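Source file: start-v1.txt (compact mmCIF, C-alpha atoms)
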# COMPACT_ATOMS: atom_id res chain seq x y z
CA MET A 28 119.18 99.45 73.90
CA ASN A 29 115.55 100.46 74.21
CA TRP A 30 114.20 102.25 77.31
CA ALA A 31 113.36 99.03 79.15
CA GLU A 32 116.78 97.49 78.50
CA THR A 33 118.45 100.73 79.59
CA ILE A 34 116.71 100.58 82.98
CA VAL A 35 117.62 96.93 83.46
CA GLN A 36 121.27 97.67 82.68
CA ALA A 37 121.37 100.61 85.11
CA LEU A 38 119.87 98.46 87.88
CA LYS A 39 122.57 95.85 87.26
CA ASP A 40 125.32 98.48 87.16
CA TRP A 41 124.19 99.60 90.63
CA ASP A 42 123.85 96.03 91.89
CA THR A 43 120.15 96.54 92.52
CA SER A 44 118.72 93.04 92.54
CA LEU A 45 115.61 93.11 94.74
CA ILE A 46 112.72 94.68 92.85
CA ALA A 47 109.34 95.17 94.53
CA TYR A 48 106.48 96.30 92.32
CA VAL A 49 102.77 96.60 91.84
CA PRO A 50 102.01 95.33 88.33
CA ASP A 51 101.26 97.87 85.62
CA ILE A 52 100.83 97.28 81.90
CA SER A 53 102.88 100.27 80.72
CA ILE A 54 105.99 99.24 82.63
CA ASP A 55 105.42 95.55 81.97
CA ARG A 56 108.12 95.69 79.28
CA VAL A 57 110.77 96.38 81.89
CA THR A 58 109.37 94.22 84.71
CA SER A 59 109.07 91.31 82.25
CA LEU A 60 112.78 91.65 81.45
CA ILE A 61 113.53 91.73 85.19
CA GLU A 62 111.40 88.66 85.83
CA ALA A 63 113.20 86.69 83.11
CA ASP A 64 116.69 87.64 84.35
CA PRO A 65 118.18 85.47 87.15
CA PHE A 66 120.18 88.46 88.41
CA PHE A 67 116.97 89.87 89.86
CA HIS A 68 114.47 88.82 92.50
CA LEU A 69 111.16 90.37 91.45
CA VAL A 70 108.51 90.54 94.17
CA SER A 71 104.93 91.46 93.44
CA ALA A 72 103.34 93.49 96.25
CA SER A 73 99.65 94.06 96.76
CA ARG A 74 100.08 97.74 97.56
CA GLU A 75 102.74 100.39 96.97
CA GLU A 76 103.56 101.17 100.61
CA GLU A 77 104.10 97.46 101.08
CA ALA A 78 106.53 97.49 98.14
CA ILE A 79 108.46 100.30 99.85
CA GLY A 80 108.64 98.29 103.10
CA ILE A 81 109.91 95.19 101.27
CA ALA A 82 112.59 97.30 99.54
CA VAL A 83 113.69 98.83 102.85
CA GLY A 84 113.98 95.36 104.40
CA GLY A 85 116.12 94.22 101.48
CA TYR A 86 118.33 97.29 101.73
CA ALA A 87 118.78 96.74 105.48
CA VAL A 88 120.26 93.32 104.80
CA GLY A 89 122.63 94.65 102.16
CA ARG A 90 120.70 94.06 98.95
CA ASN A 91 120.07 97.19 96.93
CA ALA A 92 116.38 97.40 96.09
CA ALA A 93 114.11 99.42 93.80
CA VAL A 94 110.35 99.88 93.51
CA PHE A 95 108.20 100.06 90.37
CA MET A 96 104.72 101.55 90.52
CA GLN A 97 102.15 103.64 88.70
CA SER A 98 101.53 107.26 89.72
CA SER A 99 98.07 106.40 91.07
CA GLY A 100 99.76 104.01 93.46
CA PHE A 101 102.40 106.58 94.38
CA GLY A 102 99.69 108.11 96.56
CA ASN A 103 99.56 104.85 98.50
CA SER A 104 103.27 105.02 99.20
CA VAL A 105 103.62 108.54 100.59
CA ASN A 106 103.45 107.65 104.30
CA ALA A 107 106.05 104.91 103.87
CA LEU A 108 108.36 107.40 102.14
CA ALA A 109 107.73 110.17 104.68
CA SER A 110 107.86 108.10 107.87
CA LEU A 111 110.43 105.47 106.93
CA CYS A 112 112.63 106.14 103.90
CA ILE A 113 113.28 109.83 104.46
CA PRO A 114 114.01 109.85 108.22
CA ALA A 115 115.97 106.57 108.01
CA ARG A 116 117.77 107.74 104.81
CA THR A 117 117.19 104.64 102.72
CA PRO A 118 118.27 105.00 99.06
CA ILE A 119 115.38 103.36 97.24
CA PRO A 120 114.96 104.31 93.56
CA LEU A 121 111.32 104.66 92.56
CA PHE A 122 110.38 103.98 88.94
CA ILE A 123 106.98 105.56 88.44
CA ASN A 124 104.75 105.28 85.38
CA LEU A 125 103.56 108.89 85.29
CA ARG A 126 99.96 109.10 84.15
CA GLY A 127 97.94 112.23 83.42
CA GLY A 128 100.15 113.69 80.67
CA PRO A 129 99.70 114.00 76.90
CA GLY A 130 97.64 111.09 75.63
CA GLU A 131 95.91 110.35 78.91
CA PHE A 132 92.44 108.89 78.29
CA ASN A 133 91.27 108.27 81.85
CA ILE A 134 89.98 111.21 83.88
CA ALA A 135 90.54 109.27 87.12
CA GLN A 136 94.29 109.13 86.44
CA VAL A 137 94.81 112.85 85.92
CA ALA A 138 94.72 114.28 89.46
CA MET A 139 97.20 111.84 91.01
CA GLY A 140 99.36 111.83 87.90
CA ARG A 141 99.57 115.64 87.86
CA SER A 142 100.25 115.86 91.60
CA THR A 143 102.94 113.16 91.81
CA ARG A 144 105.89 115.45 91.08
CA PRO A 145 104.63 118.33 93.29
CA ILE A 146 104.29 115.83 96.17
CA LEU A 147 107.84 114.59 95.53
CA ASP A 148 108.96 118.23 95.66
CA LEU A 149 107.15 118.79 98.96
CA LEU A 150 108.83 115.69 100.38
CA GLY A 151 112.19 117.06 99.23
CA LEU A 152 112.82 114.06 96.98
CA VAL A 153 114.73 114.48 93.73
CA HIS A 154 112.95 113.33 90.58
CA PHE A 155 113.67 113.08 86.88
CA THR A 156 111.14 112.75 84.08
CA LEU A 157 111.79 110.65 80.99
CA GLU A 158 109.88 111.57 77.83
CA ASP A 159 112.18 109.88 75.33
CA GLU A 160 115.31 107.76 75.20
CA TYR A 161 117.65 110.69 74.47
CA LYS A 162 120.43 110.66 77.10
CA MET A 163 118.28 108.27 79.08
CA ASP A 164 121.17 105.96 80.00
CA ARG A 165 123.04 108.87 81.58
CA ILE A 166 119.94 110.16 83.37
CA VAL A 167 119.02 106.79 84.90
CA ASP A 168 122.60 105.94 85.81
CA GLY A 169 123.06 109.41 87.30
CA ALA A 170 119.78 109.18 89.21
CA LEU A 171 120.88 105.91 90.83
CA LYS A 172 124.26 107.42 91.69
CA LEU A 173 122.56 110.43 93.28
CA CYS A 174 120.14 108.16 95.13
CA HIS A 175 123.01 106.39 96.87
CA SER A 176 125.22 109.43 97.44
CA ASN A 177 122.29 111.36 98.97
CA ARG A 178 120.96 108.28 100.78
CA GLN A 179 117.39 109.21 99.95
CA PRO A 180 114.84 107.85 97.48
CA VAL A 181 114.98 109.24 93.94
CA ALA A 182 112.04 109.05 91.54
CA ILE A 183 112.37 108.33 87.83
CA CYS A 184 109.06 109.26 86.23
CA MET A 185 108.34 107.50 82.97
CA THR A 186 105.75 109.16 80.75
CA GLN A 187 103.53 107.81 78.02
CA LEU A 188 105.77 109.64 75.55
CA LEU A 189 108.57 107.28 76.61
CA HIS A 190 106.83 103.94 76.85
CA GLY A 191 103.75 104.34 74.68
CA GLY A 192 101.32 104.07 77.55
CA LYS A 193 98.11 102.20 77.88
CA ILE A 194 95.88 102.56 74.85
CA ALA A 195 92.20 103.26 75.48
CA MET B 24 94.74 87.34 133.68
CA LEU B 25 96.36 88.59 130.48
CA VAL B 26 99.99 89.68 130.64
CA SER B 27 101.18 93.17 129.84
CA ARG B 28 102.84 94.04 126.56
CA ILE B 29 106.17 94.78 128.22
CA GLU B 30 106.26 91.32 129.84
CA ALA B 31 105.61 89.66 126.47
CA LEU B 32 108.28 91.83 124.83
CA GLY B 33 110.79 90.84 127.52
CA LEU B 34 110.25 87.17 126.75
CA ILE B 35 110.43 87.70 122.97
CA SER B 36 113.69 89.64 123.24
CA ALA B 37 115.19 86.94 125.49
CA ARG B 38 114.14 84.16 123.08
CA PHE B 39 115.79 85.79 120.05
CA PRO B 40 119.23 87.11 121.07
CA GLU B 41 120.79 86.14 117.72
CA ASP B 42 117.95 86.81 115.24
CA PRO B 43 116.78 90.09 113.74
CA LEU B 44 113.73 91.47 115.56
CA VAL B 45 111.62 94.24 114.02
CA PHE B 46 109.22 96.10 116.35
CA THR B 47 106.10 98.05 115.48
CA CYS B 48 105.70 101.73 116.21
CA GLY B 49 104.37 103.55 119.24
CA ALA B 50 104.28 102.02 122.69
CA THR B 51 105.75 98.71 121.47
CA CYS B 52 109.02 100.36 120.40
CA ARG B 53 109.15 102.53 123.52
CA GLU B 54 108.52 99.67 125.93
CA MET B 55 110.98 97.34 124.19
CA ALA B 56 113.75 99.95 124.09
CA SER B 57 113.23 100.83 127.74
CA ARG B 58 113.09 97.20 128.88
CA ASP B 59 115.91 95.57 126.92
CA ARG B 60 117.50 97.50 124.06
CA ARG B 61 119.69 95.34 121.84
CA ASP B 62 121.59 95.73 118.57
CA ASN B 63 119.50 93.01 116.89
CA HIS B 64 116.37 95.15 117.37
CA LEU B 65 115.02 97.41 114.63
CA TYR B 66 112.58 99.94 116.04
CA VAL B 67 110.17 101.10 113.31
CA VAL B 68 109.38 104.26 115.18
CA ASP B 69 106.48 105.72 113.20
CA SER B 70 105.51 103.58 110.21
CA MET B 71 102.24 101.95 111.15
CA GLY B 72 101.70 98.66 109.33
CA LEU B 73 105.14 98.38 107.77
CA VAL B 74 106.66 95.74 110.06
CA SER B 75 105.34 92.87 107.91
CA PRO B 76 106.70 94.22 104.60
CA ILE B 77 110.05 95.07 106.22
CA VAL B 78 110.47 91.57 107.65
CA LEU B 79 109.44 90.14 104.29
CA GLY B 80 112.18 92.19 102.58
CA LEU B 81 114.67 91.06 105.23
CA SER B 82 113.60 87.43 104.79
CA LEU B 83 113.99 87.55 101.02
CA GLY B 84 117.36 89.28 101.35
CA MET B 85 118.62 86.72 103.88
CA GLU B 86 117.40 83.54 102.20
CA GLY B 87 120.39 81.33 101.53
CA ARG B 88 122.75 83.73 103.30
CA SER B 89 121.86 83.02 106.92
CA ASP B 90 120.15 80.48 109.13
CA ALA B 91 118.56 83.27 111.20
CA ARG B 92 114.83 83.59 111.67
CA VAL B 93 113.50 87.06 110.82
CA VAL B 94 110.98 88.04 113.47
CA GLY B 95 108.43 90.82 113.22
CA VAL B 96 106.61 91.99 116.36
CA GLU B 97 103.37 93.66 115.35
CA GLY B 98 100.28 94.88 117.17
CA ASP B 99 96.67 94.28 116.23
CA GLY B 100 96.29 97.86 114.99
CA GLY B 101 99.44 97.68 112.89
CA MET B 102 98.46 94.30 111.45
CA LEU B 103 95.06 95.67 110.43
CA THR B 104 96.69 98.73 108.82
CA ASN B 105 98.37 96.57 106.19
CA LEU B 106 96.47 93.31 106.39
CA ASN B 107 97.22 92.72 102.72
CA ALA B 108 100.84 92.06 103.70
CA LEU B 109 99.67 88.71 105.11
CA THR B 110 98.52 87.69 101.64
CA THR B 111 101.91 88.54 100.13
CA ILE B 112 103.73 86.60 102.87
CA GLY B 113 101.32 83.70 102.50
CA TYR B 114 101.82 83.69 98.73
CA LEU B 115 105.63 83.86 98.83
CA ARG B 116 105.99 81.58 101.88
CA PRO B 117 109.44 82.65 103.11
CA PRO B 118 110.55 79.80 105.41
CA ASN B 119 112.65 82.08 107.64
CA LEU B 120 109.87 84.54 108.56
CA LEU B 121 108.00 84.66 111.87
CA LEU B 122 105.38 87.22 112.85
CA ILE B 123 104.37 87.64 116.48
CA VAL B 124 101.24 89.72 116.97
CA LEU B 125 100.58 91.13 120.43
CA ASP B 126 96.85 91.77 120.32
CA ASN B 127 95.26 93.93 123.02
CA GLU B 128 92.21 94.78 120.90
CA ARG B 129 93.06 98.46 121.25
CA TYR B 130 94.81 101.32 119.48
CA ASP B 131 96.71 101.94 122.67
CA SER B 132 99.15 104.44 121.20
CA THR B 133 96.33 106.70 120.07
CA GLY B 134 94.02 106.67 123.06
CA GLY B 135 92.81 103.10 123.49
CA GLN B 136 90.06 102.98 120.86
CA PRO B 137 88.86 99.41 120.12
CA THR B 138 90.16 97.60 117.02
CA PHE B 139 88.32 95.05 114.86
CA THR B 140 90.03 92.22 116.74
CA THR B 141 87.34 92.65 119.40
CA ARG B 142 85.29 90.60 116.92
CA LEU B 143 87.71 89.18 114.36
CA ASP B 144 90.47 86.63 114.88
CA LEU B 145 93.85 87.55 113.33
CA ALA B 146 95.15 83.97 113.70
CA ASP B 147 92.25 82.70 111.60
CA ILE B 148 93.02 85.31 108.96
CA ALA B 149 96.73 84.43 108.98
CA GLU B 150 95.93 80.73 108.75
CA SER B 151 93.67 81.33 105.76
CA CYS B 152 96.62 83.10 104.11
CA GLY B 153 98.72 79.96 104.51
CA LEU B 154 100.80 80.85 107.57
CA ARG B 155 101.35 78.26 110.32
CA THR B 156 99.71 79.70 113.41
CA TRP B 157 100.00 79.32 117.16
CA ARG B 158 97.89 80.95 119.86
CA ALA B 159 99.18 82.20 123.19
CA THR B 160 97.40 83.62 126.21
CA ASP B 161 100.23 83.83 128.74
CA LEU B 162 104.04 83.76 128.87
CA GLU B 163 104.15 79.97 129.04
CA THR B 164 102.08 79.46 125.89
CA LEU B 165 103.99 82.28 124.15
CA ASP B 166 107.26 80.53 124.93
CA GLN B 167 105.83 77.22 123.77
CA GLY B 168 104.39 78.74 120.59
CA ILE B 169 107.75 80.29 119.72
CA SER B 170 109.53 76.97 120.30
CA GLU B 171 107.08 75.11 118.10
CA ALA B 172 107.22 77.79 115.39
CA LEU B 173 111.03 77.58 115.35
CA GLY B 174 110.78 73.81 114.93
CA GLU B 175 108.99 74.13 111.59
CA PRO B 176 109.66 76.04 108.40
CA GLY B 177 107.81 79.35 108.17
CA PRO B 178 106.14 81.54 107.56
CA GLY B 179 104.88 81.32 111.12
CA PHE B 180 102.41 83.43 113.01
CA VAL B 181 102.16 83.52 116.80
CA HIS B 182 99.06 85.32 117.98
CA MET B 183 98.94 86.42 121.60
CA LYS B 184 96.21 88.21 123.44
CA ILE B 185 97.71 90.70 125.89
CA ALA B 186 96.29 93.14 128.43
CA ALA B 187 95.21 96.58 127.27
CA GLY B 188 97.24 99.59 128.34
CA ASN B 189 100.82 100.81 128.10
CA SER B 190 103.66 100.57 130.60
CA PRO B 191 105.54 103.75 131.51
CA ALA B 192 108.43 104.19 129.07
CA PRO B 193 110.25 107.28 127.79
CA LEU B 194 109.64 108.48 124.24
CA LEU B 195 111.96 106.88 121.70
CA LEU B 196 113.31 109.91 119.88
CA ASP B 197 116.61 108.50 118.59
CA ASP B 198 117.49 109.44 115.03
CA PRO B 199 116.15 106.64 112.79
CA VAL B 200 119.47 106.75 110.89
CA THR B 201 121.26 105.77 114.10
CA LEU B 202 118.71 103.08 114.91
CA GLY B 203 118.94 101.66 111.40
CA ASP B 204 122.74 101.84 111.28
CA ARG B 205 123.13 99.93 114.56
CA PHE B 206 120.77 97.22 113.31
CA GLN B 207 122.44 96.99 109.89
CA ARG B 208 125.90 96.65 111.43
CA TRP B 209 124.69 93.85 113.67
CA LEU B 210 122.87 92.21 110.77
CA SER B 211 126.00 92.22 108.62
CA THR B 212 127.61 89.85 111.15
CA ARG B 213 124.76 87.37 110.69
CA ILE B 214 124.90 86.97 106.91
CA ASP B 215 127.28 85.26 104.54
CA GLY B 216 128.37 87.10 101.43

Since I need it in another form, could you write the structure as structure tokens?
Amino acid sequence: MNWAETIVQALKDWDTSLIAYVPDISIDRVTSLIEADPFFHLVSASREEEAIGIAVGGYAVGRNAAVFMQSSGFGNSVNALASLCIPARTPIPLFINLRGGPGEFNIAQVAMGRSTRPILDLLGLVHFTLEDEYKMDRIVDGALKLCHSNRQPVAICMTQLLHGGKIA
Amino acid sequence: MLVSRIEALGLISARFPEDPLVFTCGATCREMASRDRRDNHLYVVDSMGLVSPIVLGLSLGMEGRSDARVVGVEGDGGMLTNLNALTTIGYLRPPNLLLIVLDNERYDSTGGQPTFTTRLDLADIAESCGLRTWRATDLETLDQGISEALGEPGPGFVHMKIAAGNSPAPLLLDDPVTLGDRFQRWLSTRIDG
């Protein structure tokens, strides 16, 4: 399995069928697989905090939910994480395309990309970074397990080294 | 004479004893919990603007599993915080979703500063996003609007102008885990499979 198929399989293994996302070209390989698979209900949101709210609503009614976003949009989601997910202990996995690393071409992506993981640390949220497919199945599966056992969001940061990124 | 928020909330709670109700933060949650706290209420204690996305997630999760209407009770300030959520709801058109906006043209949980609804009409905006809209100015037209909205597939949008100001109500400082757990347990009795 490639990285995108590995994520899809892990989501299925954890019965995570409601996926809210803000479209992004680098993670399009995985969201395209999700869209084509009847197991999932893929919902496009207009903003990342909205995607978090949709996922929380789905979780409240017993459907495990995950959110896909880009690191620039992670900034838009912080208040929803801090005021809703963390105090209400909602286990929402966040799949974040982490910009600002090796290969980044866009200066406007660097600051938010570089500060995404420090902000997750300040929020007390566990995160894992994927730079290649080595042991990726175990990392993603383990991250989803931890997400549910800890009843808090977990972030899986996907770098350009993993998915090839957006080419300038 | 416009009615107070707490009077409107009392009617809304009484109209939906068997449907999930999600309430916006600040004075709305406090007044609702002090007036008529019920297990089918979810109090979103401090997430401004997230009622609409939460009810959308609930609606999507309940489609085909329940005949319940998912009702979000939002304020004008909260609606303006995440106005884009109306476009998502209007695009997806969940038939089981109803938003009720209690519009006092004020940020009354932060000191009563005026909101844009002093000039702009949220029902017009909702209608342009494809929601079916009703307008209410008193308890009678609110009741009527709710009845008509329930008679048609959603997404529906009931817009009510209410009086400015808050009613005395204690702070709602319950642990959100407890609030969410009570709501989820009740909700699990309203869904199939």

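Separating atom CA of Ile214 of chain B from atom CA of Gly84 of chain A is a distance of 14.0 Å.
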
Report as a short mmCIF file (atom, residue, chain, number, x, y, z; two decimals) with C-alpha atoms, in the coordinates of the input all protein, DNA and RNA residues lying within 8 Å of Val181 of chain A, evaluated on all atoms listed in the file, omitting residues in the same chain fewer than 2 positions from it.
data_model
loop_
_atom_site.label_atom_id
_atom_site.label_comp_id
_atom_site.auth_asym_id
_atom_site.auth_seq_id
_atom_site.Cartn_x
_atom_site.Cartn_y
_atom_site.Cartn_z
CA PRO A 118 118.27 105.00 99.06
CA ILE A 119 115.38 103.36 97.24
CA PRO A 120 114.96 104.31 93.56
CA LEU A 121 111.32 104.66 92.56
CA LEU A 152 112.82 114.06 96.98
CA VAL A 153 114.73 114.48 93.73
CA HIS A 154 112.95 113.33 90.58
CA ALA A 170 119.78 109.18 89.21
CA LEU A 171 120.88 105.91 90.83
CA LEU A 173 122.56 110.43 93.28
CA CYS A 174 120.14 108.16 95.13
CA GLN A 179 117.39 109.21 99.95
CA ILE A 183 112.37 108.33 87.83
#

A:Asn124, A:Thr186, A:Thr156, A:Ser59 ranked by distance to Ser99 of chain A, top pick (using all atoms listed in the file): A:Asn124

Please identify every residue of chain B that has at least one atom no farther than 9 Å from an atom of chain A, counting all atoms listed in the file, and for each give the shortest atom pair and the distance in Å to one decimal, arranged by chain then increasing number, as CSV.
residue,atom,partner,partner_atom,distance
B:Val67,CA,A:Leu111,CA,7.7
B:Val68,CA,A:Ser110,CA,8.4
B:Asp69,CA,A:Ser110,CA,6.0
B:Ser70,CA,A:Ser110,CA,5.6
B:Met71,CA,A:Ala107,CA,8.7
B:Gly72,CA,A:Glu77,CA,8.7
B:Leu73,CA,A:Gly80,CA,5.8
B:Val74,CA,A:Gly80,CA,7.7
B:Ser75,CA,A:Gly80,CA,8.0
B:Pro76,CA,A:Ile81,CA,4.7
B:Ile77,CA,A:Gly84,CA,4.3
B:Val78,CA,A:Gly84,CA,6.1
B:Leu79,CA,A:Ile81,CA,5.9
B:Gly80,CA,A:Ile81,CA,4.0
B:Leu81,CA,A:Gly84,CA,4.4
B:Ser82,CA,A:Gly84,CA,7.9
B:Leu83,CA,A:Gly85,CA,7.0
B:Gly84,CA,A:Gly85,CA,5.1
B:Met85,CA,A:Val88,CA,6.9
B:Asn105,CA,A:Glu77,CA,7.7
B:Asn107,CA,A:Ser73,CA,6.6
B:Ala108,CA,A:Glu77,CA,6.8
B:Thr110,CA,A:Ser73,CA,8.1
B:Thr111,CA,A:Ala72,CA,6.4
B:Leu115,CA,A:Val70,CA,8.6
B:Asp198,CA,A:Pro114,CA,7.7
B:Pro199,CA,A:Ala115,CA,4.8
B:Val200,CA,A:Ala115,CA,4.5
B:Thr201,CA,A:Ala115,CA,8.1
B:Leu202,CA,A:Ala115,CA,8.2
B:Gly203,CA,A:Ala115,CA,6.7
B:Asp204,CA,A:Ala87,CA,8.7
B:Phe206,CA,A:Ala87,CA,8.1
B:Gln207,CA,A:Ala87,CA,5.7
B:Leu210,CA,A:Val88,CA,6.6
B:Ser211,CA,A:Val88,CA,7.0
B:Ile214,CA,A:Val88,CA,8.1

With C-alpha atoms retained, write the just-selected residues as a PDB file, keeping the file's coordinate frame.
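part_33.pdb, written as the output of this step:
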ATOM      1  CA  VAL B  67     110.170 101.100 113.310  1.00  0.00           C
ATOM      2  CA  VAL B  68     109.380 104.260 115.180  1.00  0.00           C
ATOM      3  CA  ASP B  69     106.480 105.720 113.200  1.00  0.00           C
ATOM      4  CA  SER B  70     105.510 103.580 110.210  1.00  0.00           C
ATOM      5  CA  MET B  71     102.240 101.950 111.150  1.00  0.00           C
ATOM      6  CA  GLY B  72     101.700  98.660 109.330  1.00  0.00           C
ATOM      7  CA  LEU B  73     105.140  98.380 107.770  1.00  0.00           C
ATOM      8  CA  VAL B  74     106.660  95.740 110.060  1.00  0.00           C
ATOM      9  CA  SER B  75     105.340  92.870 107.910  1.00  0.00           C
ATOM     10  CA  PRO B  76     106.700  94.220 104.600  1.00  0.00           C
ATOM     11  CA  ILE B  77     110.050  95.070 106.220  1.00  0.00           C
ATOM     12  CA  VAL B  78     110.470  91.570 107.650  1.00  0.00           C
ATOM     13  CA  LEU B  79     109.440  90.140 104.290  1.00  0.00           C
ATOM     14  CA  GLY B  80     112.180  92.190 102.580  1.00  0.00           C
ATOM     15  CA  LEU B  81     114.670  91.060 105.230  1.00  0.00           C
ATOM     16  CA  SER B  82     113.600  87.430 104.790  1.00  0.00           C
ATOM     17  CA  LEU B  83     113.990  87.550 101.020  1.00  0.00           C
ATOM     18  CA  GLY B  84     117.360  89.280 101.350  1.00  0.00           C
ATOM     19  CA  MET B  85     118.620  86.720 103.880  1.00  0.00           C
ATOM     20  CA  ASN B 105      98.370  96.570 106.190  1.00  0.00           C
ATOM     21  CA  ASN B 107      97.220  92.720 102.720  1.00  0.00           C
ATOM     22  CA  ALA B 108     100.840  92.060 103.700  1.00  0.00           C
ATOM     23  CA  THR B 110      98.520  87.690 101.640  1.00  0.00           C
ATOM     24  CA  THR B 111     101.910  88.540 100.130  1.00  0.00           C
ATOM     25  CA  LEU B 115     105.630  83.860  98.830  1.00  0.00           C
ATOM     26  CA  ASP B 198     117.490 109.440 115.030  1.00  0.00           C
ATOM     27  CA  PRO B 199     116.150 106.640 112.790  1.00  0.00           C
ATOM     28  CA  VAL B 200     119.470 106.750 110.890  1.00  0.00           C
ATOM     29  CA  THR B 201     121.260 105.770 114.100  1.00  0.00           C
ATOM     30  CA  LEU B 202     118.710 103.080 114.910  1.00  0.00           C
ATOM     31  CA  GLY B 203     118.940 101.660 111.400  1.00  0.00           C
ATOM     32  CA  ASP B 204     122.740 101.840 111.280  1.00  0.00           C
ATOM     33  CA  PHE B 206     120.770  97.220 113.310  1.00  0.00           C
ATOM     34  CA  GLN B 207     122.440  96.990 109.890  1.00  0.00           C
ATOM     35  CA  LEU B 210     122.870  92.210 110.770  1.00  0.00           C
ATOM     36  CA  SER B 211     126.000  92.220 108.620  1.00  0.00           C
ATOM     37  CA  ILE B 214     124.900  86.970 106.910  1.00  0.00           C
TER      38      ILE B 214
END

Proximity to Asn133 of chain A - best of A:Ile46, A:Phe101, A:Gln36, A:Gly192, all atoms listed in the file: A:Gly192

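Shortest separation to Leu195 of chain B among B:Tyr130, B:Phe139, B:Tyr114, B:Tyr66 occurs at residue B:Tyr66, atoms counted being all atoms listed in the file.
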
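Pairwise distance (atom CA of Arg205 of chain B, atom CA of Thr47 of chain B) equals 17.2 Å.
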
Residue list as a PyMOL selection string for point (115.8, 100.3, 86.4), cut-off 8 Å, only C-alpha atoms: chain A and resi 31+33-38+57+93+122+167

Next, write the just-selected residues to a file, as a CSV table (one decimal), keeping the file's coordinate frame, keeping C-alpha atoms as the atom set.
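As written to disk, result-v3.csv reads:
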chain,number,residue,atom,x,y,z
A,31,ALA,CA,113.4,99.0,79.2
A,33,THR,CA,118.4,100.7,79.6
A,34,ILE,CA,116.7,100.6,83.0
A,35,VAL,CA,117.6,96.9,83.5
A,36,GLN,CA,121.3,97.7,82.7
A,37,ALA,CA,121.4,100.6,85.1
A,38,LEU,CA,119.9,98.5,87.9
A,57,VAL,CA,110.8,96.4,81.9
A,93,ALA,CA,114.1,99.4,93.8
A,122,PHE,CA,110.4,104.0,88.9
A,167,VAL,CA,119.0,106.8,84.9

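Taking atom CA of Asn189 of chain B and atom CA of Asp147 of chain B as endpoints, the distance between them is 26.0 Å.
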
Shell around Pro176 of chain B at 8 Å using only C-alpha atoms, local window under 4 positions removed, as a list of chain:residue names: B:Pro118, B:Asn119, B:Ala172

Close residues, Thr133 of chain B itself excluded, 12 Å, all atoms listed in the file, min 6 positions apart in chain, as a ChimeraX atom specification: /B:48-50,71,100-101,188-189

For those residues, write C-alpha atoms to a file as a compact mmCIF listing (two decimals), keeping the file's coordinate frame.
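After the write, again34.txt holds the following:
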# COMPACT_ATOMS: atom_id res chain seq x y z
CA CYS B 48 105.70 101.73 116.21
CA GLY B 49 104.37 103.55 119.24
CA ALA B 50 104.28 102.02 122.69
CA MET B 71 102.24 101.95 111.15
CA GLY B 100 96.29 97.86 114.99
CA GLY B 101 99.44 97.68 112.89
CA GLY B 188 97.24 99.59 128.34
CA ASN B 189 100.82 100.81 128.10

Within 9 Å of file point (108.4, 83.6, 112.4), counting only C-alpha atoms, expressed as an MDAnalysis selection string: chainID B and resid 92:95 118:123 169 172:173 176:181

Counting only C-alpha atoms, the residue of B:Arg155, B:Arg28, B:Arg53, B:Arg142 that sits nearest Pro117 of chain B: B:Arg155

Box for segment 80-95 of chain A: with edges along x, y and z, all listed atoms inside and 5 Å added on each side, what are the centre and edge lengths in Å to one decimal, as AutoDock Vina command-line options?
--center_x 115.4 --center_y 96.7 --center_z 97.9 --size_x 24.4 --size_y 16.7 --size_z 25.1

Selected residue of minimal separation from Arg129 of chain B among B:Ile185, B:Thr212, B:Ser151, B:Trp157, counting all atoms listed in the file: B:Ile185
